[in-house]
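Visitor: The file below is entry.pdb, PDB, C-alpha atoms, pLDDT in the B column:
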```pdb
MODEL        1
ATOM      1  CA  MET A   1       0.000   0.000   0.000  1.00 60.00           C
ATOM      2  CA  THR A   2       1.032   3.553  -0.536  1.00 82.00           C
ATOM      3  CA  LYS A   3       1.932   6.095   2.082  1.00 89.00           C
ATOM      4  CA  ALA A   4      -1.045   8.268   1.084  1.00 89.00           C
ATOM      5  CA  PHE A   5      -3.438   5.353   1.473  1.00 91.00           C
ATOM      6  CA  ASP A   6      -2.073   4.619   4.955  1.00 89.00           C
ATOM      7  CA  LYS A   7      -2.669   8.232   5.986  1.00 90.00           C
ATOM      8  CA  ILE A   8      -6.212   8.179   4.606  1.00 91.00           C
ATOM      9  CA  ALA A   9      -6.963   4.860   6.300  1.00 89.00           C
ATOM     10  CA  GLY A  10      -5.591   6.193   9.587  1.00 87.00           C
ATOM     11  CA  GLY A  11      -7.715   9.313   9.324  1.00 87.00           C
ATOM     12  CA  LEU A  12     -10.787   7.241   8.559  1.00 90.00           C
ATOM     13  CA  ALA A  13     -10.127   5.031  11.586  1.00 89.00           C
ATOM     14  CA  ASP A  14      -9.813   8.147  13.767  1.00 87.00           C
ATOM     15  CA  ALA A  15     -13.056   9.572  12.329  1.00 86.00           C
ATOM     16  CA  ILE A  16     -14.921   6.329  13.016  1.00 89.00           C
ATOM     17  CA  ALA A  17     -13.559   6.213  16.570  1.00 86.00           C
ATOM     18  CA  TYR A  18     -14.638   9.830  17.112  1.00 84.00           C
ATOM     19  CA  ALA A  19     -18.130   9.131  15.753  1.00 84.00           C
ATOM     20  CA  GLU A  20     -18.382   6.225  18.195  1.00 87.00           C
ATOM     21  CA  GLY A  21     -17.538   8.479  21.134  1.00 84.00           C
ATOM     22  CA  ASP A  22     -13.736   8.297  21.442  1.00 83.00           C
ATOM     23  CA  THR A  23     -12.792  11.973  21.592  1.00 78.00           C
ATOM     24  CA  ALA A  24      -9.099  11.295  22.223  1.00 81.00           C
ATOM     25  CA  LYS A  25      -8.124  11.511  18.556  1.00 73.00           C
ATOM     26  CA  GLY A  26     -10.679  13.967  17.230  1.00 70.00           C
ATOM     27  CA  ARG A  27     -10.703  17.730  17.275  1.00 71.00           C
ATOM     28  CA  VAL A  28     -13.681  19.991  16.840  1.00 67.00           C
ATOM     29  CA  ALA A  29     -13.063  23.695  16.434  1.00 70.00           C
ATOM     30  CA  ALA A  30     -15.848  25.414  18.330  1.00 76.00           C
ATOM     31  CA  GLY A  31     -17.162  28.558  16.743  1.00 86.00           C
ATOM     32  CA  PRO A  32     -18.251  31.667  18.595  1.00 95.00           C
ATOM     33  CA  ASP A  33     -21.463  31.666  20.623  1.00 96.00           C
ATOM     34  CA  VAL A  34     -23.285  34.134  18.397  1.00 98.00           C
ATOM     35  CA  LYS A  35     -26.400  34.192  20.572  1.00 98.00           C
ATOM     36  CA  ALA A  36     -24.330  35.199  23.628  1.00 98.00           C
ATOM     37  CA  ILE A  37     -22.489  37.845  21.614  1.00 98.00           C
ATOM     38  CA  ARG A  38     -25.790  39.235  20.332  1.00 98.00           C
ATOM     39  CA  ALA A  39     -27.171  39.235  23.890  1.00 98.00           C
ATOM     40  CA  LYS A  40     -24.327  41.576  24.920  1.00 97.00           C
ATOM     41  CA  THR A  41     -25.592  44.078  22.361  1.00 97.00           C
ATOM     42  CA  LYS A  42     -29.213  43.823  23.571  1.00 97.00           C
ATOM     43  CA  LEU A  43     -30.356  43.731  19.929  1.00 98.00           C
ATOM     44  CA  THR A  44     -32.915  41.495  18.242  1.00 98.00           C
ATOM     45  CA  GLN A  45     -31.688  39.101  15.563  1.00 98.00           C
ATOM     46  CA  ALA A  46     -33.025  41.440  12.881  1.00 98.00           C
ATOM     47  CA  LYS A  47     -31.352  44.546  14.314  1.00 98.00           C
ATOM     48  CA  PHE A  48     -28.089  42.685  15.000  1.00 98.00           C
ATOM     49  CA  ALA A  49     -28.050  41.395  11.421  1.00 98.00           C
ATOM     50  CA  ASP A  50     -28.752  44.881  10.113  1.00 97.00           C
ATOM     51  CA  ARG A  51     -25.903  46.365  12.166  1.00 97.00           C
ATOM     52  CA  LEU A  52     -23.496  43.658  10.942  1.00 96.00           C
ATOM     53  CA  ARG A  53     -24.819  44.029   7.391  1.00 95.00           C
ATOM     54  CA  VAL A  54     -25.681  40.343   7.007  1.00 97.00           C
ATOM     55  CA  PRO A  55     -29.045  38.717   6.290  1.00 98.00           C
ATOM     56  CA  VAL A  56     -31.125  37.924   9.367  1.00 98.00           C
ATOM     57  CA  GLY A  57     -31.262  34.308   8.172  1.00 98.00           C
ATOM     58  CA  THR A  58     -27.484  34.145   8.485  1.00 98.00           C
ATOM     59  CA  VAL A  59     -27.599  35.260  12.126  1.00 98.00           C
ATOM     60  CA  ARG A  60     -30.400  32.780  12.774  1.00 98.00           C
ATOM     61  CA  ASP A  61     -28.383  29.961  11.185  1.00 97.00           C
ATOM     62  CA  TRP A  62     -25.303  30.869  13.235  1.00 97.00           C
ATOM     63  CA  GLU A  63     -27.275  30.910  16.466  1.00 97.00           C
ATOM     64  CA  GLN A  64     -28.948  27.575  15.713  1.00 95.00           C
ATOM     65  CA  TYR A  65     -25.624  26.010  14.618  1.00 91.00           C
ATOM     66  CA  ARG A  66     -26.903  25.224  11.120  1.00 94.00           C
ATOM     67  CA  ARG A  67     -24.000  27.243   9.724  1.00 94.00           C
ATOM     68  CA  SER A  68     -20.734  28.413  11.164  1.00 93.00           C
ATOM     69  CA  PRO A  69     -19.386  31.935  10.609  1.00 95.00           C
ATOM     70  CA  ASP A  70     -16.471  32.063   8.164  1.00 94.00           C
ATOM     71  CA  ALA A  71     -13.114  33.540   9.199  1.00 93.00           C
ATOM     72  CA  PRO A  72     -13.933  37.229   8.494  1.00 95.00           C
ATOM     73  CA  ALA A  73     -17.294  36.900  10.266  1.00 96.00           C
ATOM     74  CA  ARG A  74     -15.611  35.217  13.266  1.00 95.00           C
ATOM     75  CA  THR A  75     -13.186  38.138  13.438  1.00 95.00           C
ATOM     76  CA  LEU A  76     -16.034  40.646  13.313  1.00 96.00           C
ATOM     77  CA  LEU A  77     -18.006  38.715  15.938  1.00 97.00           C
ATOM     78  CA  GLY A  78     -14.893  38.571  18.127  1.00 96.00           C
ATOM     79  CA  MET A  79     -14.611  42.351  17.936  1.00 97.00           C
ATOM     80  CA  VAL A  80     -18.274  42.756  18.869  1.00 98.00           C
ATOM     81  CA  ASP A  81     -17.778  40.283  21.716  1.00 97.00           C
ATOM     82  CA  ALA A  82     -14.760  42.190  23.066  1.00 97.00           C
ATOM     83  CA  ASP A  83     -16.345  45.658  22.915  1.00 97.00           C
ATOM     84  CA  PRO A  84     -19.899  45.702  21.529  1.00 97.00           C
ATOM     85  CA  LYS A  85     -20.390  49.468  21.587  1.00 97.00           C
ATOM     86  CA  ALA A  86     -17.081  50.356  19.942  1.00 97.00           C
ATOM     87  CA  ALA A  87     -17.360  47.616  17.315  1.00 97.00           C
ATOM     88  CA  LEU A  88     -20.918  48.492  16.336  1.00 96.00           C
ATOM     89  CA  ASP A  89     -20.064  52.209  16.269  1.00 96.00           C
ATOM     90  CA  LEU A  90     -17.162  51.525  13.896  1.00 95.00           C
ATOM     91  CA  ILE A  91     -19.322  49.354  11.645  1.00 93.00           C
ATOM     92  CA  GLY A  92     -21.953  52.105  11.618  1.00 93.00           C
ATOM     93  CA  ARG A  93     -19.405  54.674  10.480  1.00 94.00           C
ATOM     94  CA  MET A  94     -18.494  52.531   7.482  1.00 89.00           C
ATOM     95  CA  ALA A  95     -21.943  53.004   5.925  1.00 68.00           C
TER      96      ALA A  95
ENDMDL
END
```
Here is the file; what I need is its structure written in the form of structure tokens.
Guide:
Amino acid sequence: MTKAFDKIAGGLADAIAYAEGDTAKGRVAAGPDVKAIRAKTKLTQAKFADRLRVPVGTVRDWEQYRRSPDAPARTLLGMVDADPKAALDLIGRMA
């Protein structure tokens, strides 16, 4: 067998073990808790989406874990999480 095949087979074995509950070999990158971040702003989903300039469906999907924010959105959400007022003020000035 080839080296590439061995790596693929090893990865598949790890994935199967993870799916069966063995978390020792698997890694899951947790995304931001968008609902908690939005709660800091005291805005509704619609108003939060409007302030971030994304569709309300996107915010809803993030909060319900149907979709995960991409890298730029995670950065923006991290800024809002760190300082909601300053971040939203800066976004507002970009209009």
Visitor: Using only C-alpha atoms, which residues sit within 8 Å of range 47-59 of chain A once same-chain residues fewer than 6 positions away are excluded, as a PyMOL selection string?
Guide: chain A and resi 34+38+41+67+88+91-92
Visitor: For a test of reading the model, state the distance in Å between CA of Lys85 in chain A and CA of Ala29 in chain A, rounded to one decimal.
Guide: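 Here the two named atoms are 27.3 Å from each other.
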Visitor: Rounded to one decimal in Å, what is the spacing between CA of Asp22 in chain A and CA of Ala9 in chain A?
Guide: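 It comes out at 16.9 Å.
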Visitor: Identify, on the basis of all atoms listed in the file, every residue whose closest approach to range 70-78 of chain A does not exceed 9 Å; exclude the query and any residue fewer than 2 positions from it along the same chain; express the result as a ChimeraX atom specification.
Guide: /A:31-32,34,37-38,52,68,80-83,87
Visitor: Evaluated on this file, the PyMOL selection byres ((chain A and resi 25) around 10) picks out some residues - which ones are they, written as a count of residues only?
Guide: 11
Visitor: Specify the axis-aligned box that encloses all atoms of range 78-95 of chain A listed in the file after padding of 6 Å on each side, stating its centre and edge lengths in Å to one decimal as JSON.
Guide:
```
{"center_x": -18.3, "center_y": 46.6, "center_z": 14.5, "size_x": 19.3, "size_y": 28.1, "size_z": 29.1}
```
Visitor: Separation of CA of Ala36 in chain A and CA of Arg66 in chain A, in Å?
Guide: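 For CA of Ala36 in chain A relative to CA of Arg66 in chain A, the distance reads 16.2 Å.
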